[in-house]
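run-v9.tsv, holding TSV, N, CA and C atoms and all ligand atoms:
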chain	number	residue	atom	x	y	z
V	25	MET	N	19.52	0.31	-8.42
V	25	MET	CA	19.70	-0.28	-7.10
V	25	MET	C	19.04	-1.65	-7.05
V	26	GLN	N	19.83	-2.68	-6.84
V	26	GLN	CA	19.26	-4.02	-6.77
V	26	GLN	C	18.71	-4.29	-5.37
V	27	MET	N	17.53	-4.89	-5.33
V	27	MET	CA	16.93	-5.19	-4.04
V	27	MET	C	17.31	-6.60	-3.61
V	28	ILE	N	17.48	-6.74	-2.31
V	28	ILE	CA	17.87	-8.01	-1.70
V	28	ILE	C	16.84	-8.36	-0.63
V	29	CYS	N	16.43	-9.62	-0.59
V	29	CYS	CA	15.49	-10.06	0.43
V	29	CYS	C	16.12	-9.95	1.81
V	30	SER	N	15.39	-9.31	2.74
V	30	SER	CA	15.94	-9.12	4.09
V	30	SER	C	15.92	-10.41	4.90
V	31	ARG	N	15.23	-11.43	4.42
V	31	ARG	CA	15.18	-12.69	5.17
V	31	ARG	C	16.21	-13.70	4.64
V	32	CYS	N	16.26	-13.90	3.30
V	32	CYS	CA	17.11	-14.97	2.77
V	32	CYS	C	18.26	-14.46	1.90
V	33	GLY	N	18.27	-13.17	1.56
V	33	GLY	CA	19.37	-12.62	0.79
V	33	GLY	C	19.23	-12.78	-0.71
V	34	SER	N	18.14	-13.38	-1.18
V	34	SER	CA	17.94	-13.56	-2.61
V	34	SER	C	17.77	-12.21	-3.31
V	35	SER	N	18.21	-12.14	-4.57
V	35	SER	CA	18.00	-10.92	-5.35
V	35	SER	C	16.82	-11.06	-6.31
V	36	VAL	N	16.07	-12.15	-6.20
V	36	VAL	CA	14.87	-12.33	-7.03
V	36	VAL	C	13.69	-11.68	-6.29
V	37	ILE	N	13.47	-10.40	-6.58
V	37	ILE	CA	12.44	-9.64	-5.88
V	37	ILE	C	11.37	-9.23	-6.89
V	38	LEU	N	10.12	-9.55	-6.57
V	38	LEU	CA	8.99	-9.23	-7.44
V	38	LEU	C	8.28	-8.02	-6.85
V	39	SER	N	8.27	-6.92	-7.59
V	39	SER	CA	7.78	-5.64	-7.05
V	39	SER	C	6.44	-5.23	-7.62
V	40	ASP	N	5.81	-4.31	-6.92
V	40	ASP	CA	4.58	-3.65	-7.39
V	40	ASP	C	3.45	-4.65	-7.67
V	41	LEU	N	3.33	-5.65	-6.82
V	41	LEU	CA	2.27	-6.63	-7.00
V	41	LEU	C	1.01	-6.17	-6.27
V	42	PRO	N	-0.16	-6.25	-6.90
V	42	PRO	CA	-1.39	-5.85	-6.23
V	42	PRO	C	-1.73	-6.81	-5.09
V	43	VAL	N	-2.29	-6.26	-4.01
V	43	VAL	CA	-2.75	-7.06	-2.87
V	43	VAL	C	-4.27	-6.91	-2.83
V	44	VAL	N	-4.98	-8.02	-2.94
V	44	VAL	CA	-6.44	-7.94	-3.08
V	44	VAL	C	-7.12	-8.96	-2.17
V	45	SER	N	-8.43	-8.80	-2.03
V	45	SER	CA	-9.23	-9.80	-1.33
V	45	SER	C	-10.46	-10.11	-2.18
V	46	ASN	N	-11.21	-11.09	-1.76
V	46	ASN	CA	-12.46	-11.46	-2.43
V	46	ASN	C	-12.27	-11.67	-3.93
V	47	VAL	N	-11.27	-12.45	-4.29
V	47	VAL	CA	-11.02	-12.69	-5.70
V	47	VAL	C	-12.04	-13.68	-6.25
V	48	ASP	N	-12.66	-13.33	-7.36
V	48	ASP	CA	-13.43	-14.30	-8.13
V	48	ASP	C	-13.09	-14.11	-9.59
V	49	ASN	N	-13.84	-14.74	-10.51
V	49	ASN	CA	-13.48	-14.68	-11.92
V	49	ASN	C	-13.64	-13.28	-12.52
V	50	PHE	N	-14.37	-12.40	-11.83
V	50	PHE	CA	-14.73	-11.13	-12.45
V	50	PHE	C	-14.20	-9.91	-11.71
V	51	SER	N	-13.82	-10.07	-10.46
V	51	SER	CA	-13.44	-8.88	-9.70
V	51	SER	C	-12.53	-9.23	-8.55
V	52	SER	N	-11.94	-8.19	-7.97
V	52	SER	CA	-11.16	-8.33	-6.75
V	52	SER	C	-11.19	-6.97	-6.04
V	53	VAL	N	-10.94	-7.00	-4.75
V	53	VAL	CA	-11.00	-5.77	-3.96
V	53	VAL	C	-9.60	-5.43	-3.48
V	54	PRO	N	-9.06	-4.25	-3.90
V	54	PRO	CA	-7.72	-3.88	-3.46
V	54	PRO	C	-7.66	-3.65	-1.95
V	55	ILE	N	-6.58	-4.07	-1.32
V	55	ILE	CA	-6.34	-3.81	0.10
V	55	ILE	C	-5.71	-2.42	0.21
V	56	SER	N	-6.25	-1.61	1.10
V	56	SER	CA	-5.84	-0.21	1.18
V	56	SER	C	-5.70	0.25	2.61
V	57	ILE	N	-4.89	1.29	2.80
V	57	ILE	CA	-4.91	2.08	4.03
V	57	ILE	C	-6.06	3.07	3.86
V	58	LEU	N	-6.85	3.23	4.91
V	58	LEU	CA	-8.01	4.11	4.81
V	58	LEU	C	-7.81	5.38	5.63
V	59	THR	N	-7.97	6.52	4.98
V	59	THR	CA	-8.03	7.80	5.70
V	59	THR	C	-9.30	8.50	5.25
V	60	TYR	N	-9.56	9.66	5.85
V	60	TYR	CA	-10.77	10.41	5.51
V	60	TYR	C	-10.41	11.82	5.10
V	61	LYS	N	-11.12	12.31	4.09
V	61	LYS	CA	-10.84	13.63	3.57
V	61	LYS	C	-11.19	14.72	4.57
V	62	ASN	N	-12.22	14.47	5.39
V	62	ASN	CA	-12.68	15.48	6.33
V	62	ASN	C	-12.94	14.83	7.69
V	63	PRO	N	-11.87	14.39	8.38
V	63	PRO	CA	-12.04	13.58	9.60
V	63	PRO	C	-12.73	14.33	10.74
V	64	GLU	N	-12.67	15.65	10.72
V	64	GLU	CA	-13.29	16.42	11.81
V	64	GLU	C	-14.81	16.53	11.66
V	65	ARG	N	-15.30	16.23	10.47
V	65	ARG	CA	-16.73	16.38	10.22
V	65	ARG	C	-17.53	15.32	11.00
V	66	ARG	N	-18.70	15.72	11.50
V	66	ARG	CA	-19.61	14.76	12.12
V	66	ARG	C	-20.40	14.10	11.00
V	67	GLY	N	-20.82	12.86	11.24
V	67	GLY	CA	-21.60	12.17	10.22
V	67	GLY	C	-20.70	11.63	9.12
V	68	PHE	N	-21.16	11.75	7.88
V	68	PHE	CA	-20.45	11.11	6.78
V	68	PHE	C	-19.10	11.75	6.52
V	69	LYS	N	-18.08	10.94	6.51
V	69	LYS	CA	-16.73	11.40	6.18
V	69	LYS	C	-16.34	10.76	4.86
V	70	THR	N	-15.69	11.51	4.00
V	70	THR	CA	-15.33	11.00	2.69
V	70	THR	C	-14.12	10.06	2.80
V	71	PRO	N	-14.29	8.77	2.51
V	71	PRO	CA	-13.16	7.85	2.62
V	71	PRO	C	-12.15	8.06	1.49
V	72	VAL	N	-10.87	7.95	1.84
V	72	VAL	CA	-9.80	8.06	0.84
V	72	VAL	C	-8.92	6.81	0.97
V	73	PRO	N	-9.05	5.87	0.01
V	73	PRO	CA	-8.22	4.67	0.08
V	73	PRO	C	-6.84	4.93	-0.51
V	74	HIS	N	-5.82	4.35	0.13
V	74	HIS	CA	-4.43	4.44	-0.37
V	74	HIS	C	-3.98	3.01	-0.62
V	75	ARG	N	-3.88	2.65	-1.87
V	75	ARG	CA	-3.67	1.26	-2.27
V	75	ARG	C	-2.33	0.72	-1.79
V	76	LEU	N	-2.35	-0.49	-1.26
V	76	LEU	CA	-1.12	-1.17	-0.87
V	76	LEU	C	-0.62	-2.05	-2.01
V	77	LEU	N	0.68	-2.06	-2.18
V	77	LEU	CA	1.32	-2.97	-3.13
V	77	LEU	C	2.29	-3.85	-2.34
V	78	ALA	N	2.66	-4.98	-2.94
V	78	ALA	CA	3.57	-5.91	-2.27
V	78	ALA	C	4.86	-6.08	-3.07
V	79	ARG	N	5.93	-6.30	-2.32
V	79	ARG	CA	7.21	-6.68	-2.89
V	79	ARG	C	7.50	-8.05	-2.27
V	80	VAL	N	7.62	-9.07	-3.12
V	80	VAL	CA	7.72	-10.44	-2.63
V	80	VAL	C	9.01	-11.08	-3.11
V	81	CYS	N	9.68	-11.77	-2.20
V	81	CYS	CA	10.89	-12.52	-2.55
V	81	CYS	C	10.49	-13.74	-3.38
V	82	GLY	N	11.11	-13.88	-4.56
V	82	GLY	CA	10.82	-15.01	-5.43
V	82	GLY	C	11.46	-16.31	-4.97
V	83	ASN	N	12.25	-16.26	-3.90
V	83	ASN	CA	12.87	-17.47	-3.37
V	83	ASN	C	12.14	-18.00	-2.13
V	84	CYS	N	11.99	-17.15	-1.10
V	84	CYS	CA	11.40	-17.63	0.16
V	84	CYS	C	9.96	-17.14	0.37
V	85	GLY	N	9.51	-16.17	-0.43
V	85	GLY	CA	8.13	-15.71	-0.31
V	85	GLY	C	7.93	-14.59	0.69
V	86	PHE	N	9.00	-14.14	1.35
V	86	PHE	CA	8.85	-13.03	2.29
V	86	PHE	C	8.28	-11.82	1.57
V	87	ALA	N	7.27	-11.16	2.18
V	87	ALA	CA	6.58	-10.05	1.52
V	87	ALA	C	6.67	-8.77	2.34
V	88	ASP	N	6.92	-7.68	1.65
V	88	ASP	CA	6.83	-6.34	2.22
V	88	ASP	C	5.63	-5.66	1.60
V	89	LEU	N	4.92	-4.88	2.40
V	89	LEU	CA	3.83	-4.08	1.87
V	89	LEU	C	4.24	-2.62	1.87
V	90	TYR	N	3.80	-1.88	0.87
V	90	TYR	CA	4.07	-0.45	0.83
V	90	TYR	C	2.91	0.26	0.14
V	91	VAL	N	2.76	1.52	0.47
V	91	VAL	CA	1.67	2.32	-0.09
V	91	VAL	C	2.11	2.84	-1.45
V	92	GLU	N	1.19	2.77	-2.42
V	92	GLU	CA	1.50	3.20	-3.78
V	92	GLU	C	1.89	4.68	-3.83
V	93	ASP	N	1.22	5.50	-3.02
V	93	ASP	CA	1.44	6.95	-3.06
V	93	ASP	C	1.72	7.46	-1.64
V	94	PRO	N	2.96	7.27	-1.13
V	94	PRO	CA	3.25	7.65	0.26
V	94	PRO	C	3.07	9.13	0.53
V	95	GLN	N	3.39	9.97	-0.44
V	95	GLN	CA	3.21	11.42	-0.24
V	95	GLN	C	1.72	11.76	-0.07
V	96	GLY	N	0.89	11.10	-0.86
V	96	GLY	CA	-0.55	11.32	-0.74
V	96	GLY	C	-1.07	10.86	0.61
V	97	LEU	N	-0.56	9.74	1.11
V	97	LEU	CA	-0.97	9.26	2.44
V	97	LEU	C	-0.50	10.23	3.51
V	98	ALA	N	0.75	10.68	3.43
V	98	ALA	CA	1.27	11.62	4.43
V	98	ALA	C	0.44	12.90	4.43
V	99	ALA	N	0.09	13.38	3.26
V	99	ALA	CA	-0.71	14.60	3.17
V	99	ALA	C	-2.10	14.38	3.74
V	100	SER	N	-2.63	13.17	3.58
V	100	SER	CA	-3.97	12.88	4.07
V	100	SER	C	-3.99	12.72	5.59
V	101	VAL	N	-2.94	12.09	6.14
V	101	VAL	CA	-2.87	11.87	7.60
V	101	VAL	C	-2.53	13.16	8.32
V	102	ASN	N	-1.58	13.93	7.75
V	102	ASN	CA	-1.14	15.17	8.38
V	102	ASN	C	-0.98	16.24	7.30
V	103	PRO	N	-2.05	16.98	7.01
V	103	PRO	CA	-2.04	17.94	5.92
V	103	PRO	C	-0.88	18.95	6.02
V	104	ALA	N	-0.41	19.24	7.23
V	104	ALA	CA	0.69	20.20	7.39
V	104	ALA	C	2.00	19.67	6.82
V	105	SER	N	2.09	18.33	6.65
V	105	SER	CA	3.34	17.73	6.17
V	105	SER	C	3.41	17.68	4.65
V	106	SER	N	2.38	18.15	3.97
V	106	SER	CA	2.30	17.97	2.52
V	106	SER	C	3.18	18.93	1.74
V	107	SER	N	3.91	19.80	2.43
V	107	SER	CA	4.74	20.79	1.73
V	107	SER	C	6.14	20.27	1.47
V	108	VAL	N	6.33	18.93	1.49
V	108	VAL	CA	7.66	18.34	1.25
V	108	VAL	C	8.05	18.53	-0.20
V	201	ZN	ZN	13.73	-14.32	0.55
Take the structure in the file and write it out as structure tokens.
Ligand SMILES: [Zn+2]
Amino acid sequence: MQMICSRCGSSVILSDLPVVSNVDNFSSVPISILTYKNPERRGFKTPVPHRLLARVCGNCGFADLYVEDPQGLAASVNPASSSV
């Protein structure tokens, strides 16, 4: 399935690109959706990051973001939905 840019119609689409912040010569911080393993717990809740990736048009630069593991995010947000 060929992807087409929803803004300009180009078929030059660059997929699965990491989205990061705080880039320096040695490290970068991935941008993530944040959920918690035990949200009902008082006090410390175990954070669960769900890494975002980008799909960018190589012509106009329009970018889509998507979660690397959507099933894992769905299961984390609504555990009852994880039986898909
Ligand atoms: Zn485009």
Can I get the residues close to ligand ZN 201 (chain V) as a count of residues only, where close means within 6 Å and we count all atoms listed in the file?
12
Which of these, V:Leu89, V:Val101, V:Ile28, V:Leu76, has the shortest distance to Asn62 (chain V) once you count only C-alpha atoms?
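Closest to Asn62 (chain V), using only C-alpha atoms: V:Val101.
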Which residues in region 59-105 of chain V does DSSP call helix (DSSP H, G or I)? List them as a ChimeraX atom specification.
/V:94-101,103-105
Just N, CA and C atoms for this one: save the residues we selected as a tab-separated table (two decimals), in the frame of the given file.
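Output (result_38.tsv):
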chain	number	residue	atom	x	y	z
V	94	PRO	N	2.96	7.27	-1.13
V	94	PRO	CA	3.25	7.65	0.26
V	94	PRO	C	3.07	9.13	0.53
V	95	GLN	N	3.39	9.97	-0.44
V	95	GLN	CA	3.21	11.42	-0.24
V	95	GLN	C	1.72	11.76	-0.07
V	96	GLY	N	0.89	11.10	-0.86
V	96	GLY	CA	-0.55	11.32	-0.74
V	96	GLY	C	-1.07	10.86	0.61
V	97	LEU	N	-0.56	9.74	1.11
V	97	LEU	CA	-0.97	9.26	2.44
V	97	LEU	C	-0.50	10.23	3.51
V	98	ALA	N	0.75	10.68	3.43
V	98	ALA	CA	1.27	11.62	4.43
V	98	ALA	C	0.44	12.90	4.43
V	99	ALA	N	0.09	13.38	3.26
V	99	ALA	CA	-0.71	14.60	3.17
V	99	ALA	C	-2.10	14.38	3.74
V	100	SER	N	-2.63	13.17	3.58
V	100	SER	CA	-3.97	12.88	4.07
V	100	SER	C	-3.99	12.72	5.59
V	101	VAL	N	-2.94	12.09	6.14
V	101	VAL	CA	-2.87	11.87	7.60
V	101	VAL	C	-2.53	13.16	8.32
V	103	PRO	N	-2.05	16.98	7.01
V	103	PRO	CA	-2.04	17.94	5.92
V	103	PRO	C	-0.88	18.95	6.02
V	104	ALA	N	-0.41	19.24	7.23
V	104	ALA	CA	0.69	20.20	7.39
V	104	ALA	C	2.00	19.67	6.82
V	105	SER	N	2.09	18.33	6.65
V	105	SER	CA	3.34	17.73	6.17
V	105	SER	C	3.41	17.68	4.65
List every residue of region 44-107 of chain V that DSSP, applied to the backbone of this structure, assigns to strand (DSSP E), and report them as a PDB file with N, CA and C atoms, in the coordinates of the input.
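Once written, part_15.pdb looks like this:
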ATOM      1  N   VAL V  44      -4.980  -8.020  -2.940  1.00  0.00           N
ATOM      2  CA  VAL V  44      -6.440  -7.940  -3.080  1.00  0.00           C
ATOM      3  C   VAL V  44      -7.120  -8.960  -2.170  1.00  0.00           C
ATOM      4  N   SER V  45      -8.430  -8.800  -2.030  1.00  0.00           N
ATOM      5  CA  SER V  45      -9.230  -9.800  -1.330  1.00  0.00           C
ATOM      6  C   SER V  45     -10.460 -10.110  -2.180  1.00  0.00           C
ATOM      7  N   VAL V  53     -10.940  -7.000  -4.750  1.00  0.00           N
ATOM      8  CA  VAL V  53     -11.000  -5.770  -3.960  1.00  0.00           C
ATOM      9  C   VAL V  53      -9.600  -5.430  -3.480  1.00  0.00           C
ATOM     10  N   PRO V  54      -9.060  -4.250  -3.900  1.00  0.00           N
ATOM     11  CA  PRO V  54      -7.720  -3.880  -3.460  1.00  0.00           C
ATOM     12  C   PRO V  54      -7.660  -3.650  -1.950  1.00  0.00           C
ATOM     13  N   SER V  56      -6.250  -1.610   1.100  1.00  0.00           N
ATOM     14  CA  SER V  56      -5.840  -0.210   1.180  1.00  0.00           C
ATOM     15  C   SER V  56      -5.700   0.250   2.610  1.00  0.00           C
ATOM     16  N   ILE V  57      -4.890   1.290   2.800  1.00  0.00           N
ATOM     17  CA  ILE V  57      -4.910   2.080   4.030  1.00  0.00           C
ATOM     18  C   ILE V  57      -6.060   3.070   3.860  1.00  0.00           C
ATOM     19  N   LEU V  58      -6.850   3.230   4.910  1.00  0.00           N
ATOM     20  CA  LEU V  58      -8.010   4.110   4.810  1.00  0.00           C
ATOM     21  C   LEU V  58      -7.810   5.380   5.630  1.00  0.00           C
ATOM     22  N   THR V  59      -7.970   6.520   4.980  1.00  0.00           N
ATOM     23  CA  THR V  59      -8.030   7.800   5.700  1.00  0.00           C
ATOM     24  C   THR V  59      -9.300   8.500   5.250  1.00  0.00           C
ATOM     25  N   TYR V  60      -9.560   9.660   5.850  1.00  0.00           N
ATOM     26  CA  TYR V  60     -10.770  10.410   5.510  1.00  0.00           C
ATOM     27  C   TYR V  60     -10.410  11.820   5.100  1.00  0.00           C
ATOM     28  N   PRO V  71     -14.290   8.770   2.510  1.00  0.00           N
ATOM     29  CA  PRO V  71     -13.160   7.850   2.620  1.00  0.00           C
ATOM     30  C   PRO V  71     -12.150   8.060   1.490  1.00  0.00           C
ATOM     31  N   VAL V  72     -10.870   7.950   1.840  1.00  0.00           N
ATOM     32  CA  VAL V  72      -9.800   8.060   0.840  1.00  0.00           C
ATOM     33  C   VAL V  72      -8.920   6.810   0.970  1.00  0.00           C
ATOM     34  N   PRO V  73      -9.050   5.870   0.010  1.00  0.00           N
ATOM     35  CA  PRO V  73      -8.220   4.670   0.080  1.00  0.00           C
ATOM     36  C   PRO V  73      -6.840   4.930  -0.510  1.00  0.00           C
ATOM     37  N   HIS V  74      -5.820   4.350   0.130  1.00  0.00           N
ATOM     38  CA  HIS V  74      -4.430   4.440  -0.370  1.00  0.00           C
ATOM     39  C   HIS V  74      -3.980   3.010  -0.620  1.00  0.00           C
ATOM     40  N   ARG V  75      -3.880   2.650  -1.870  1.00  0.00           N
ATOM     41  CA  ARG V  75      -3.670   1.260  -2.270  1.00  0.00           C
ATOM     42  C   ARG V  75      -2.330   0.720  -1.790  1.00  0.00           C
ATOM     43  N   LEU V  76      -2.350  -0.490  -1.260  1.00  0.00           N
ATOM     44  CA  LEU V  76      -1.120  -1.170  -0.870  1.00  0.00           C
ATOM     45  C   LEU V  76      -0.620  -2.050  -2.010  1.00  0.00           C
ATOM     46  N   LEU V  77       0.680  -2.060  -2.180  1.00  0.00           N
ATOM     47  CA  LEU V  77       1.320  -2.970  -3.130  1.00  0.00           C
ATOM     48  C   LEU V  77       2.290  -3.850  -2.340  1.00  0.00           C
ATOM     49  N   ALA V  78       2.660  -4.980  -2.940  1.00  0.00           N
ATOM     50  CA  ALA V  78       3.570  -5.910  -2.270  1.00  0.00           C
ATOM     51  C   ALA V  78       4.860  -6.080  -3.070  1.00  0.00           C
ATOM     52  N   ARG V  79       5.930  -6.300  -2.320  1.00  0.00           N
ATOM     53  CA  ARG V  79       7.210  -6.680  -2.890  1.00  0.00           C
ATOM     54  C   ARG V  79       7.500  -8.050  -2.270  1.00  0.00           C
ATOM     55  N   VAL V  80       7.620  -9.070  -3.120  1.00  0.00           N
ATOM     56  CA  VAL V  80       7.720 -10.440  -2.630  1.00  0.00           C
ATOM     57  C   VAL V  80       9.010 -11.080  -3.110  1.00  0.00           C
ATOM     58  N   CYS V  81       9.680 -11.770  -2.200  1.00  0.00           N
ATOM     59  CA  CYS V  81      10.890 -12.520  -2.550  1.00  0.00           C
ATOM     60  C   CYS V  81      10.490 -13.740  -3.380  1.00  0.00           C
ATOM     61  N   ALA V  87       7.270 -11.160   2.180  1.00  0.00           N
ATOM     62  CA  ALA V  87       6.580 -10.050   1.520  1.00  0.00           C
ATOM     63  C   ALA V  87       6.670  -8.770   2.340  1.00  0.00           C
ATOM     64  N   ASP V  88       6.920  -7.680   1.650  1.00  0.00           N
ATOM     65  CA  ASP V  88       6.830  -6.340   2.220  1.00  0.00           C
ATOM     66  C   ASP V  88       5.630  -5.660   1.600  1.00  0.00           C
ATOM     67  N   LEU V  89       4.920  -4.880   2.400  1.00  0.00           N
ATOM     68  CA  LEU V  89       3.830  -4.080   1.870  1.00  0.00           C
ATOM     69  C   LEU V  89       4.240  -2.620   1.870  1.00  0.00           C
ATOM     70  N   TYR V  90       3.800  -1.880   0.870  1.00  0.00           N
ATOM     71  CA  TYR V  90       4.070  -0.450   0.830  1.00  0.00           C
ATOM     72  C   TYR V  90       2.910   0.260   0.140  1.00  0.00           C
ATOM     73  N   VAL V  91       2.760   1.520   0.470  1.00  0.00           N
ATOM     74  CA  VAL V  91       1.670   2.320  -0.090  1.00  0.00           C
ATOM     75  C   VAL V  91       2.110   2.840  -1.450  1.00  0.00           C
TER      76      VAL V  91
END
Of the candidates V:Val72, V:Ile57, V:Val80, V:Ala98, which one gets nearest to Val36 (chain V) if we count all atoms listed in the file?
V:Val80
When you look at Lys61 (chain V) with a cut-off of 8 Å (counting all atoms listed in the file), what residues show up, excluding the ones that are within fewer than 2 positions of it in the same chain? I need them as a PyMOL selection string.
chain V and resi 58-59+63-65+69-73+100
Please dump the current selection as a PDB file, keeping the file's coordinate frame; keep N, CA and C atoms.
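And here's result07.pdb as it stands now:
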ATOM      1  N   LEU V  58      -6.850   3.230   4.910  1.00  0.00           N
ATOM      2  CA  LEU V  58      -8.010   4.110   4.810  1.00  0.00           C
ATOM      3  C   LEU V  58      -7.810   5.380   5.630  1.00  0.00           C
ATOM      4  N   THR V  59      -7.970   6.520   4.980  1.00  0.00           N
ATOM      5  CA  THR V  59      -8.030   7.800   5.700  1.00  0.00           C
ATOM      6  C   THR V  59      -9.300   8.500   5.250  1.00  0.00           C
ATOM      7  N   PRO V  63     -11.870  14.390   8.380  1.00  0.00           N
ATOM      8  CA  PRO V  63     -12.040  13.580   9.600  1.00  0.00           C
ATOM      9  C   PRO V  63     -12.730  14.330  10.740  1.00  0.00           C
ATOM     10  N   GLU V  64     -12.670  15.650  10.720  1.00  0.00           N
ATOM     11  CA  GLU V  64     -13.290  16.420  11.810  1.00  0.00           C
ATOM     12  C   GLU V  64     -14.810  16.530  11.660  1.00  0.00           C
ATOM     13  N   ARG V  65     -15.300  16.230  10.470  1.00  0.00           N
ATOM     14  CA  ARG V  65     -16.730  16.380  10.220  1.00  0.00           C
ATOM     15  C   ARG V  65     -17.530  15.320  11.000  1.00  0.00           C
ATOM     16  N   LYS V  69     -18.080  10.940   6.510  1.00  0.00           N
ATOM     17  CA  LYS V  69     -16.730  11.400   6.180  1.00  0.00           C
ATOM     18  C   LYS V  69     -16.340  10.760   4.860  1.00  0.00           C
ATOM     19  N   THR V  70     -15.690  11.510   4.000  1.00  0.00           N
ATOM     20  CA  THR V  70     -15.330  11.000   2.690  1.00  0.00           C
ATOM     21  C   THR V  70     -14.120  10.060   2.800  1.00  0.00           C
ATOM     22  N   PRO V  71     -14.290   8.770   2.510  1.00  0.00           N
ATOM     23  CA  PRO V  71     -13.160   7.850   2.620  1.00  0.00           C
ATOM     24  C   PRO V  71     -12.150   8.060   1.490  1.00  0.00           C
ATOM     25  N   VAL V  72     -10.870   7.950   1.840  1.00  0.00           N
ATOM     26  CA  VAL V  72      -9.800   8.060   0.840  1.00  0.00           C
ATOM     27  C   VAL V  72      -8.920   6.810   0.970  1.00  0.00           C
ATOM     28  N   PRO V  73      -9.050   5.870   0.010  1.00  0.00           N
ATOM     29  CA  PRO V  73      -8.220   4.670   0.080  1.00  0.00           C
ATOM     30  C   PRO V  73      -6.840   4.930  -0.510  1.00  0.00           C
ATOM     31  N   SER V 100      -2.630  13.170   3.580  1.00  0.00           N
ATOM     32  CA  SER V 100      -3.970  12.880   4.070  1.00  0.00           C
ATOM     33  C   SER V 100      -3.990  12.720   5.590  1.00  0.00           C
TER      34      SER V 100
END
Could you name the residues that touch Asp93 (chain V) at 8 Å or less, counting only N, CA and C atoms, but leaving out those on the same chain fewer than 2 positions away, as a PyMOL selection string?
chain V and resi 74-77+90-91+95-99
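Atom pair CA of Asp40 (chain V) / CA of Pro103 (chain V) has a distance of 26.2 Å (rounded to one decimal).
Coordinates place CA of Glu92 (chain V) at a distance of 17.0 Å from CA of Ile37 (chain V).
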